[in-house]
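Enquirer: Have a look at this one before I ask anything.
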2 protein chains.
Amino acid sequence: MDEHRFFTERAVALAEEGIASGGGPFGALITKDGKIIAEAWNRVVLSHDPTAHAEIRAIRMAAESLSSHDLSGCTIYASCEPCPMCLGAIYWSGIRSVFYSCTRIDAEDAGFSDNLIYRELMLDPAARQSSFVRIAVTGAEEVFRKWKADETKTKY
Amino acid sequence: MDEHRFFTERAVALAEEGIASGGGPFGALITKDGKIIAEAWNRVVLSHDPTAHAEIRAIRMAAESLSSHDLSGCTIYASCEPCPMCLGAIYWSGIRSVFYSCTRIDAEDAGFSDNLIYRELMLDPAARQSSFVRIAVTGAEEVFRKWKADETKTKY
């Protein structure tokens, strides 16, 4: 069987395990060199953690196991198209290859906000349903200037 | 002084504390009923956690302190416009009010991917720089059907 289909099916199986364990209906796993290095399902309600999506949890576990914030070269498989939070985490982690089965529309049909958040993100901050207000603080950019000038920093 | 400006200035001060402590140049805090319940700065490199942005850390801390995934009624203040990952986390947490100082363009100018990720999110998955491939697994939607049918679940 095709490797990518095999791991995507495993991500769906993790979603099933998750829902059977009182979690949300989403699963994800991360591979490196063709081997699974992290598996997770959604634990938002169980963990009292709104960020505990399957993909976020798998990314945190994989990074911990590699002792690095950089997961370049890894691949992520998810039972459903990653929401904007998880997609952002995937980019920040350096993962460049994503496979998924269900879509944001399937998730919306099941009562989840994935598609709403995609739509909100595309709007100008001032046009969103939630309130986004910029208050320009004097000297705020100074922090970025310090960062740019620091030659010892680890970029991420 | 205006309360929102006061807390936004505090978020910038947290970014300064962060960079002085070896963290990334971003800070955030969350208030409830006008009182700070969580403060954080970016610890991506220090923690080996690509998700350890200031906002994500503050959301996780606030949810833990309230023993709930639901932060409705809270307000978040950030030194910089939240990236797509953090914006997604804000929506999932139920926070409806966001204040920030610097913008995604300032962050991009300092070498960060915030603006790139915003642009990528808006594209069709197949058109992105990273590879997003859908593999439809037979029965994957069944997990969502089970979720919809479960009348004991906690929605999130």
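Every chain in the structure tokens has a letter given in the order shown (A, B, ...), and although residue numbers restart at 1 in each chain, ligands are simply numbered from 1 in the order shown.
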Mind listing as a PyMOL selection string which residues of chain A are within 7 Å of chain B, counting only C-alpha atoms?
Expert: chain A and resi 5+9+12+15-16+25+44-45+48-51+60+63-64+67-69+84-89+92-93+96-102+110+117+122+130-137+140-141+143-144+147-148
Enquirer: Grab the residues selected above and save them as a PDB file, in the first residue's frame with C-alpha atoms.
Expert:
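Once written, part08.pdb looks like this:
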ATOM      1  CA  ARG A   5      -2.266   6.471   2.315  1.00  0.00           C
ATOM      2  CA  GLU A   9      -5.462   5.951   7.452  1.00  0.00           C
ATOM      3  CA  VAL A  12      -8.075   8.596  10.916  1.00  0.00           C
ATOM      4  CA  ALA A  15      -9.281  10.235  15.487  1.00  0.00           C
ATOM      5  CA  GLU A  16     -11.433   7.185  16.209  1.00  0.00           C
ATOM      6  CA  PRO A  25     -12.777  13.676  16.487  1.00  0.00           C
ATOM      7  CA  VAL A  44      -9.073  20.342  23.984  1.00  0.00           C
ATOM      8  CA  VAL A  45     -11.849  19.589  26.452  1.00  0.00           C
ATOM      9  CA  HIS A  48      -8.582  22.316  29.418  1.00  0.00           C
ATOM     10  CA  ASP A  49      -6.406  23.547  26.561  1.00  0.00           C
ATOM     11  CA  PRO A  50      -7.961  25.217  23.502  1.00  0.00           C
ATOM     12  CA  THR A  51      -4.687  24.672  21.615  1.00  0.00           C
ATOM     13  CA  ARG A  60       4.997  19.513  20.332  1.00  0.00           C
ATOM     14  CA  ALA A  63       9.856  18.632  18.702  1.00  0.00           C
ATOM     15  CA  GLU A  64      10.382  17.407  22.238  1.00  0.00           C
ATOM     16  CA  SER A  67      15.018  18.355  21.153  1.00  0.00           C
ATOM     17  CA  SER A  68      14.486  20.987  18.472  1.00  0.00           C
ATOM     18  CA  HIS A  69      11.863  23.496  17.395  1.00  0.00           C
ATOM     19  CA  PRO A  84      -5.497  27.864  10.579  1.00  0.00           C
ATOM     20  CA  MET A  85      -3.937  27.422  14.038  1.00  0.00           C
ATOM     21  CA  CYS A  86      -2.481  24.039  13.080  1.00  0.00           C
ATOM     22  CA  LEU A  87      -1.499  25.201   9.604  1.00  0.00           C
ATOM     23  CA  GLY A  88       0.403  28.062  11.218  1.00  0.00           C
ATOM     24  CA  ALA A  89       2.113  25.630  13.588  1.00  0.00           C
ATOM     25  CA  TRP A  92       6.534  27.489  12.022  1.00  0.00           C
ATOM     26  CA  SER A  93       7.797  23.931  12.590  1.00  0.00           C
ATOM     27  CA  ARG A  96       6.729  21.138   4.301  1.00  0.00           C
ATOM     28  CA  SER A  97       4.578  18.094   3.527  1.00  0.00           C
ATOM     29  CA  VAL A  98       0.981  17.626   4.724  1.00  0.00           C
ATOM     30  CA  PHE A  99      -1.526  14.832   3.987  1.00  0.00           C
ATOM     31  CA  TYR A 100      -5.146  14.840   5.206  1.00  0.00           C
ATOM     32  CA  SER A 101      -8.465  13.130   4.563  1.00  0.00           C
ATOM     33  CA  CYS A 102     -11.531  15.222   5.544  1.00  0.00           C
ATOM     34  CA  ALA A 110     -19.725  18.627  12.147  1.00  0.00           C
ATOM     35  CA  ILE A 117     -11.539  30.986  11.104  1.00  0.00           C
ATOM     36  CA  MET A 122      -8.531  36.587   5.186  1.00  0.00           C
ATOM     37  CA  SER A 130     -13.987  39.566  16.787  1.00  0.00           C
ATOM     38  CA  SER A 131     -12.467  42.910  17.727  1.00  0.00           C
ATOM     39  CA  PHE A 132      -8.864  43.505  16.600  1.00  0.00           C
ATOM     40  CA  VAL A 133      -7.534  46.913  17.632  1.00  0.00           C
ATOM     41  CA  ARG A 134      -4.059  48.240  17.046  1.00  0.00           C
ATOM     42  CA  ILE A 135      -2.617  50.479  19.765  1.00  0.00           C
ATOM     43  CA  ALA A 136       0.787  51.682  18.610  1.00  0.00           C
ATOM     44  CA  VAL A 137       3.034  51.751  21.673  1.00  0.00           C
ATOM     45  CA  ALA A 140       7.496  48.802  20.434  1.00  0.00           C
ATOM     46  CA  GLU A 141       9.555  48.320  17.263  1.00  0.00           C
ATOM     47  CA  VAL A 143      12.334  45.056  20.411  1.00  0.00           C
ATOM     48  CA  PHE A 144      12.539  44.012  16.765  1.00  0.00           C
ATOM     49  CA  TRP A 147      16.422  41.171  17.633  1.00  0.00           C
ATOM     50  CA  LYS A 148      17.744  42.096  14.186  1.00  0.00           C
TER      51      LYS A 148
END
Enquirer: Please extract the residues of region 17-142 of chain B with a backbone DSSP assignment of strand (DSSP E) and present them as number ranges by chain.
Expert: B: 27-32, 35-41, 75-80, 97-102, 131-134
Enquirer: Could those residues be written to a file, using N, CA, C and O atoms, as a short mmCIF file (atom, residue, chain, number, x, y, z; two decimals), in the first residue's frame?
Expert:
data_model
loop_
_atom_site.label_atom_id
_atom_site.label_comp_id
_atom_site.auth_asym_id
_atom_site.auth_seq_id
_atom_site.Cartn_x
_atom_site.Cartn_y
_atom_site.Cartn_z
N GLY B 27 5.66 39.41 23.23
CA GLY B 27 5.04 39.24 24.54
C GLY B 27 3.52 39.29 24.43
O GLY B 27 2.99 39.86 23.48
N ALA B 28 2.84 38.69 25.40
CA ALA B 28 1.37 38.71 25.40
C ALA B 28 0.87 38.51 26.82
O ALA B 28 1.55 37.92 27.67
N LEU B 29 -0.34 39.00 27.06
CA LEU B 29 -0.99 38.75 28.35
C LEU B 29 -2.49 38.67 28.14
O LEU B 29 -3.02 39.12 27.11
N ILE B 30 -3.15 38.04 29.10
CA ILE B 30 -4.61 37.87 29.03
C ILE B 30 -5.22 38.44 30.30
O ILE B 30 -4.70 38.22 31.40
N THR B 31 -6.30 39.19 30.13
CA THR B 31 -7.01 39.73 31.29
C THR B 31 -8.43 39.15 31.35
O THR B 31 -9.01 38.75 30.34
N LYS B 32 -8.93 39.12 32.56
CA LYS B 32 -10.34 38.76 32.80
C LYS B 32 -10.85 39.73 33.87
O LYS B 32 -10.17 39.91 34.90
N LYS B 35 -8.28 42.17 35.22
CA LYS B 35 -7.07 41.71 35.93
C LYS B 35 -6.29 40.73 35.06
O LYS B 35 -6.86 39.90 34.38
N ILE B 36 -4.95 40.82 35.14
CA ILE B 36 -4.09 39.92 34.37
C ILE B 36 -4.18 38.50 34.94
O ILE B 36 -4.00 38.30 36.14
N ILE B 37 -4.48 37.51 34.07
CA ILE B 37 -4.50 36.12 34.54
C ILE B 37 -3.40 35.27 33.90
O ILE B 37 -3.18 34.14 34.32
N ALA B 38 -2.71 35.82 32.89
CA ALA B 38 -1.60 35.07 32.29
C ALA B 38 -0.68 36.04 31.56
O ALA B 38 -1.16 36.98 30.91
N GLU B 39 0.61 35.82 31.67
CA GLU B 39 1.61 36.63 30.96
C GLU B 39 2.65 35.68 30.38
O GLU B 39 3.03 34.70 31.04
N ALA B 40 3.13 35.99 29.18
CA ALA B 40 4.11 35.09 28.57
C ALA B 40 4.93 35.82 27.52
O ALA B 40 4.52 36.85 26.99
N TRP B 41 6.10 35.26 27.25
CA TRP B 41 6.85 35.69 26.07
C TRP B 41 7.19 34.46 25.26
O TRP B 41 6.94 33.32 25.66
N THR B 75 -9.71 39.04 27.48
CA THR B 75 -9.12 39.91 26.46
C THR B 75 -7.64 39.58 26.35
O THR B 75 -7.00 39.29 27.36
N ILE B 76 -7.12 39.59 25.12
CA ILE B 76 -5.69 39.32 24.94
C ILE B 76 -4.99 40.56 24.39
O ILE B 76 -5.54 41.28 23.55
N TYR B 77 -3.81 40.82 24.92
CA TYR B 77 -2.96 41.93 24.51
C TYR B 77 -1.63 41.34 24.04
O TYR B 77 -1.07 40.47 24.72
N ALA B 78 -1.15 41.79 22.89
CA ALA B 78 0.09 41.24 22.34
C ALA B 78 0.98 42.36 21.84
O ALA B 78 0.48 43.40 21.38
N SER B 79 2.29 42.16 21.94
CA SER B 79 3.21 43.20 21.47
C SER B 79 3.14 43.35 19.96
O SER B 79 3.48 44.40 19.42
N CYS B 80 2.67 42.29 19.27
CA CYS B 80 2.61 42.31 17.80
C CYS B 80 1.32 41.61 17.36
O CYS B 80 0.82 40.72 18.05
N SER B 97 -11.70 39.70 21.94
CA SER B 97 -11.15 41.06 21.94
C SER B 97 -9.62 41.01 21.98
O SER B 97 -9.03 40.43 22.90
N VAL B 98 -8.99 41.62 20.97
CA VAL B 98 -7.54 41.52 20.77
C VAL B 98 -6.96 42.93 20.59
O VAL B 98 -7.49 43.71 19.79
N PHE B 99 -5.91 43.24 21.32
CA PHE B 99 -5.18 44.50 21.14
C PHE B 99 -3.72 44.17 20.87
O PHE B 99 -3.18 43.23 21.46
N TYR B 100 -3.10 44.93 19.97
CA TYR B 100 -1.70 44.67 19.64
C TYR B 100 -1.03 45.95 19.18
O TYR B 100 -1.70 46.91 18.80
N SER B 101 0.32 45.94 19.20
CA SER B 101 1.06 47.14 18.80
C SER B 101 1.69 47.01 17.41
O SER B 101 1.21 47.59 16.46
N CYS B 102 2.74 46.20 17.27
CA CYS B 102 3.38 46.05 15.96
C CYS B 102 2.49 45.25 15.01
O CYS B 102 1.52 44.63 15.44
N SER B 131 3.61 21.43 0.46
CA SER B 131 2.74 20.45 -0.22
C SER B 131 1.57 20.05 0.67
O SER B 131 1.77 19.56 1.78
N PHE B 132 0.35 20.29 0.21
CA PHE B 132 -0.87 19.87 0.90
C PHE B 132 -1.61 18.91 -0.03
O PHE B 132 -2.06 19.32 -1.10
N VAL B 133 -1.72 17.65 0.38
CA VAL B 133 -2.33 16.64 -0.48
C VAL B 133 -3.48 15.96 0.27
O VAL B 133 -3.29 15.47 1.39
N ARG B 134 -4.64 15.95 -0.35
CA ARG B 134 -5.77 15.25 0.25
C ARG B 134 -5.77 13.80 -0.21
O ARG B 134 -5.69 13.52 -1.41
#
Enquirer: I need the residues in region 72-147 of chain B that are alpha helix (DSSP H) according to DSSP; give them as a VMD selection string.
Expert: chain B and resid 84 to 93 104 to 109 114 to 122 141 to 147
Enquirer: So that I have them on file, write out the residues from the current selection with N, CA and C atoms, as a short mmCIF file (atom, residue, chain, number, x, y, z; two decimals), in the first residue's frame.
Expert:
data_model
loop_
_atom_site.label_atom_id
_atom_site.label_comp_id
_atom_site.auth_asym_id
_atom_site.auth_seq_id
_atom_site.Cartn_x
_atom_site.Cartn_y
_atom_site.Cartn_z
N PRO B 84 -1.08 33.74 12.17
CA PRO B 84 -2.25 32.87 11.93
C PRO B 84 -2.42 31.76 12.98
N MET B 85 -1.31 31.18 13.45
CA MET B 85 -1.43 30.15 14.49
C MET B 85 -2.09 30.73 15.73
N CYS B 86 -1.58 31.88 16.16
CA CYS B 86 -2.10 32.48 17.40
C CYS B 86 -3.51 33.03 17.18
N LEU B 87 -3.77 33.58 16.00
CA LEU B 87 -5.13 34.04 15.72
C LEU B 87 -6.11 32.87 15.79
N GLY B 88 -5.71 31.73 15.21
CA GLY B 88 -6.57 30.56 15.30
C GLY B 88 -6.81 30.16 16.75
N ALA B 89 -5.75 30.16 17.54
CA ALA B 89 -5.88 29.79 18.96
C ALA B 89 -6.81 30.76 19.69
N ILE B 90 -6.73 32.03 19.34
CA ILE B 90 -7.60 33.04 19.96
C ILE B 90 -9.07 32.71 19.65
N TYR B 91 -9.36 32.41 18.39
CA TYR B 91 -10.75 32.06 18.03
C TYR B 91 -11.19 30.79 18.77
N TRP B 92 -10.35 29.78 18.77
CA TRP B 92 -10.73 28.52 19.43
C TRP B 92 -10.95 28.72 20.92
N SER B 93 -10.24 29.68 21.52
CA SER B 93 -10.37 29.90 22.96
C SER B 93 -11.63 30.67 23.33
N ARG B 104 2.04 42.58 11.34
CA ARG B 104 2.67 41.45 10.65
C ARG B 104 3.78 41.92 9.70
N ILE B 105 3.67 43.16 9.23
CA ILE B 105 4.71 43.71 8.34
C ILE B 105 5.98 44.02 9.14
N ASP B 106 5.80 44.58 10.34
CA ASP B 106 6.96 44.81 11.22
C ASP B 106 7.66 43.49 11.52
N ALA B 107 6.86 42.44 11.80
CA ALA B 107 7.44 41.12 12.11
C ALA B 107 8.18 40.57 10.90
N GLU B 108 7.60 40.73 9.73
CA GLU B 108 8.26 40.26 8.50
C GLU B 108 9.59 40.98 8.31
N ASP B 109 9.58 42.28 8.57
CA ASP B 109 10.79 43.08 8.43
C ASP B 109 11.89 42.61 9.39
N ASP B 114 5.30 35.53 9.74
CA ASP B 114 3.89 35.83 9.96
C ASP B 114 3.15 36.17 8.66
N ASN B 115 3.70 37.13 7.91
CA ASN B 115 3.00 37.61 6.73
C ASN B 115 2.98 36.55 5.63
N LEU B 116 4.07 35.81 5.52
CA LEU B 116 4.12 34.69 4.56
C LEU B 116 3.01 33.69 4.86
N ILE B 117 2.85 33.35 6.14
CA ILE B 117 1.84 32.34 6.50
C ILE B 117 0.43 32.89 6.23
N TYR B 118 0.21 34.16 6.50
CA TYR B 118 -1.09 34.76 6.13
C TYR B 118 -1.35 34.58 4.63
N ARG B 119 -0.33 34.86 3.83
CA ARG B 119 -0.53 34.75 2.37
C ARG B 119 -0.78 33.30 1.97
N GLU B 120 -0.03 32.37 2.56
CA GLU B 120 -0.18 30.95 2.22
C GLU B 120 -1.57 30.43 2.56
N LEU B 121 -2.08 30.83 3.74
CA LEU B 121 -3.40 30.39 4.20
C LEU B 121 -4.51 30.76 3.23
N MET B 122 -4.33 31.90 2.58
CA MET B 122 -5.40 32.39 1.71
C MET B 122 -5.45 31.64 0.39
N GLU B 141 -15.21 10.16 7.32
CA GLU B 141 -16.30 11.05 7.79
C GLU B 141 -17.11 10.40 8.90
N GLU B 142 -16.97 9.08 9.04
CA GLU B 142 -17.72 8.36 10.07
C GLU B 142 -17.41 8.91 11.48
N VAL B 143 -16.16 9.36 11.67
CA VAL B 143 -15.77 9.93 12.97
C VAL B 143 -16.62 11.18 13.26
N PHE B 144 -16.81 11.99 12.23
CA PHE B 144 -17.64 13.19 12.42
C PHE B 144 -19.11 12.80 12.65
N ARG B 145 -19.57 11.76 11.97
CA ARG B 145 -20.97 11.33 12.19
C ARG B 145 -21.17 10.88 13.63
N LYS B 146 -20.17 10.15 14.15
CA LYS B 146 -20.25 9.73 15.56
C LYS B 146 -20.27 10.94 16.48
N TRP B 147 -19.43 11.92 16.18
CA TRP B 147 -19.36 13.14 17.01
C TRP B 147 -20.72 13.87 17.00
#
Enquirer: Between CA of Cys74 (chain A) and CA of Ala58 (chain A), what is the distance, to one decimal in Å?
Expert: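 One can read the CA of Cys74 (chain A) to CA of Ala58 (chain A) distance as 11.5 Å.
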